[in-house]
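Student: Can you read through this structure? Questions will come right after.
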Amino acid sequence: MQRRSFLLGMLTMIALAPIKVWAALWNRPAFEALKIKDATQYLNVSEEIPSGDIVIVAPERAENGAVVQIEIRSNIQNTEAIAIFVENNPTPLIANFMFGDGAEPFVVTRIKMAETSDLKIVVKAGSQYFTNAKNITVLDANF
């Protein structure tokens with residue numbers, strides 16, 4: 001009976017370990033910030049360098065703000081993270097993707113946009129932060 005309890009405890013610990021790892025990476029204040037400036041501070045973003053090496057594929061006009069598909073590709077060497085912000089959303093930080101060694105810095109996702117706004121991308125490479133933006137007009141914000 002003790003062996004079963006031990007094995008059950010070990011399996012439970014192994015199953016919950018990834019949740020604890022993800023929780024450690026979760027930056028709650030950044031995702032709850034109400035302004036882009038505050039969210040970038042919580043992500044420890046220092047000076048942002050404008051870069052054309054961040055490719056944003058997104059519609060000029062979104063028919064429905066509830067589902068806006070975007071593609072982000074970073075052509076910047078040693079990209080470690082890609083953060084997605086929507087300026088006029090209630091909470092502007094949409095996502096923060098982190099990449100391991102050898103991972104291709106490419107993201108395809110669907111986001112919600114409350115209204116017409118700039119889509120701002122911040123890429124972390126080493127100790128530097130690069131940025132690019134694109135304005136998206138939202139025709140119907142069924143948020």
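Ligands are numbered from 1 in the order shown, chains are lettered A, B, ... in the order of the structure tokens, and residues start at 1 in each chain.
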Neighbouring residues of Ala39 (chain A) were defined as those with any atom within 12 Å, considering only C-alpha atoms; residues of the same chain fewer than 2 positions away were excluded. Please report them as a list in words.

Tutor: Asn27, Arg28, Pro29, Ala30, Phe31, Glu32, Ala33, Leu34, Lys35, Ile36, Lys37, Gln41, Tyr42, Leu43, Asn44, Val45, Ser46, Ala83, Ile84, Phe85, Val86, Glu87, Thr91, Pro92, Leu93, Ile94, Ala95, Asn96 and Val122 of chain A

Student: Just N, CA and C atoms for this one: save the residues we selected as a compact mmCIF listing (two decimals), in the first residue's frame.

Tutor:
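Listed below is the output, selection.txt:
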# COMPACT_ATOMS: atom_id res chain seq x y z
N ASN A 27 3.99 36.55 -16.06
CA ASN A 27 4.24 37.89 -15.52
C ASN A 27 2.90 38.58 -15.36
N ARG A 28 2.22 38.28 -14.28
CA ARG A 28 0.86 38.77 -14.05
C ARG A 28 0.74 40.29 -14.13
N PRO A 29 1.63 41.07 -13.49
CA PRO A 29 1.49 42.54 -13.57
C PRO A 29 1.56 43.07 -15.00
N ALA A 30 2.40 42.46 -15.83
CA ALA A 30 2.51 42.92 -17.22
C ALA A 30 1.21 42.67 -17.98
N PHE A 31 0.60 41.51 -17.76
CA PHE A 31 -0.64 41.19 -18.46
C PHE A 31 -1.85 41.94 -17.91
N GLU A 32 -1.76 42.42 -16.67
CA GLU A 32 -2.87 43.17 -16.08
C GLU A 32 -2.70 44.69 -16.22
N ALA A 33 -1.57 45.13 -16.73
CA ALA A 33 -1.32 46.57 -16.90
C ALA A 33 -2.34 47.18 -17.85
N LEU A 34 -2.73 48.41 -17.59
CA LEU A 34 -3.75 49.08 -18.40
C LEU A 34 -3.15 49.97 -19.49
N LYS A 35 -1.86 50.20 -19.45
CA LYS A 35 -1.17 51.03 -20.45
C LYS A 35 0.05 50.27 -20.96
N ILE A 36 0.37 50.48 -22.25
CA ILE A 36 1.53 49.82 -22.85
C ILE A 36 2.80 50.16 -22.08
N LYS A 37 2.94 51.41 -21.70
CA LYS A 37 4.15 51.85 -20.99
C LYS A 37 4.35 51.03 -19.72
N GLN A 41 7.32 48.15 -18.91
CA GLN A 41 8.16 48.26 -17.72
C GLN A 41 8.17 46.95 -16.93
N TYR A 42 7.02 46.31 -16.80
CA TYR A 42 6.95 45.03 -16.09
C TYR A 42 7.69 43.92 -16.83
N LEU A 43 7.82 44.06 -18.15
CA LEU A 43 8.59 43.10 -18.93
C LEU A 43 10.08 43.46 -18.97
N ASN A 44 10.44 44.53 -18.26
CA ASN A 44 11.83 45.02 -18.20
C ASN A 44 12.36 45.46 -19.55
N VAL A 45 11.48 45.99 -20.39
CA VAL A 45 11.89 46.50 -21.70
C VAL A 45 12.56 47.85 -21.49
N SER A 46 13.80 47.94 -21.93
CA SER A 46 14.50 49.22 -21.84
C SER A 46 14.29 49.96 -23.15
N ALA A 83 6.78 39.93 -27.97
CA ALA A 83 5.63 40.41 -27.21
C ALA A 83 4.69 41.13 -28.16
N ILE A 84 3.39 40.88 -28.01
CA ILE A 84 2.36 41.49 -28.86
C ILE A 84 1.51 42.41 -27.99
N PHE A 85 1.37 43.67 -28.44
CA PHE A 85 0.58 44.67 -27.73
C PHE A 85 -0.48 45.24 -28.67
N VAL A 86 -1.65 45.56 -28.12
CA VAL A 86 -2.68 46.31 -28.84
C VAL A 86 -3.00 47.52 -27.97
N GLU A 87 -2.64 48.69 -28.49
CA GLU A 87 -2.68 49.92 -27.69
C GLU A 87 -4.03 50.22 -27.07
N THR A 91 -6.54 45.66 -21.69
CA THR A 91 -5.20 45.29 -21.23
C THR A 91 -4.35 45.09 -22.49
N PRO A 92 -3.39 45.97 -22.72
CA PRO A 92 -2.69 45.99 -24.01
C PRO A 92 -1.76 44.82 -24.31
N LEU A 93 -1.18 44.17 -23.29
CA LEU A 93 -0.29 43.04 -23.57
C LEU A 93 -1.14 41.82 -23.91
N ILE A 94 -1.04 41.38 -25.16
CA ILE A 94 -1.83 40.25 -25.65
C ILE A 94 -1.12 38.93 -25.41
N ALA A 95 0.18 38.89 -25.73
CA ALA A 95 0.95 37.65 -25.59
C ALA A 95 2.43 37.97 -25.49
N ASN A 96 3.16 37.05 -24.87
CA ASN A 96 4.61 37.15 -24.80
C ASN A 96 5.17 35.75 -25.05
N VAL A 122 7.22 43.86 -29.90
CA VAL A 122 8.53 44.10 -29.28
C VAL A 122 9.27 42.77 -29.27

Student: Determine, for each residue of region 73-107 of chain A having at least one atom at most 8 Å from an atom of region 47-57 of chain A, the closest pair of atoms and their separation in Å to one decimal, counting only C-alpha atoms; order by chain and ascending number, as JSON lines.

Tutor:
{"residue": "A:Arg73", "atom": "CA", "partner": "A:Val55", "partner_atom": "CA", "distance": 5.1}
{"residue": "A:Ser74", "atom": "CA", "partner": "A:Ile54", "partner_atom": "CA", "distance": 4.6}
{"residue": "A:Asn75", "atom": "CA", "partner": "A:Asp53", "partner_atom": "CA", "distance": 5.1}
{"residue": "A:Ile76", "atom": "CA", "partner": "A:Asp53", "partner_atom": "CA", "distance": 6.1}

Student: Hey, which of A:Ile72, A:Ala133, A:Ala125, A:Val138 ends up closest to Val107 (chain A)? Count only C-alpha atoms.

Tutor: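 Smallest distance to Val107 (chain A) is found for A:Ile72.
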
Student: Quick one: residues within 8 Å of Ala81 (chain A), only C-alpha atoms counted, chain neighbours fewer than 2 positions away excluded, as a list of chain:residue names?

Tutor: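 Result of the neighbour search: A:Thr79, A:Ala83, A:Asn96, A:Phe97, A:Met98, A:Phe99, A:Pro105, A:Val123, A:Lys124, A:Ala125.
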
Student: Provide the CA of Arg110 (chain A) to CA of Ile70 (chain A) distance in Å, to one decimal place.

Tutor: 6.1 Å
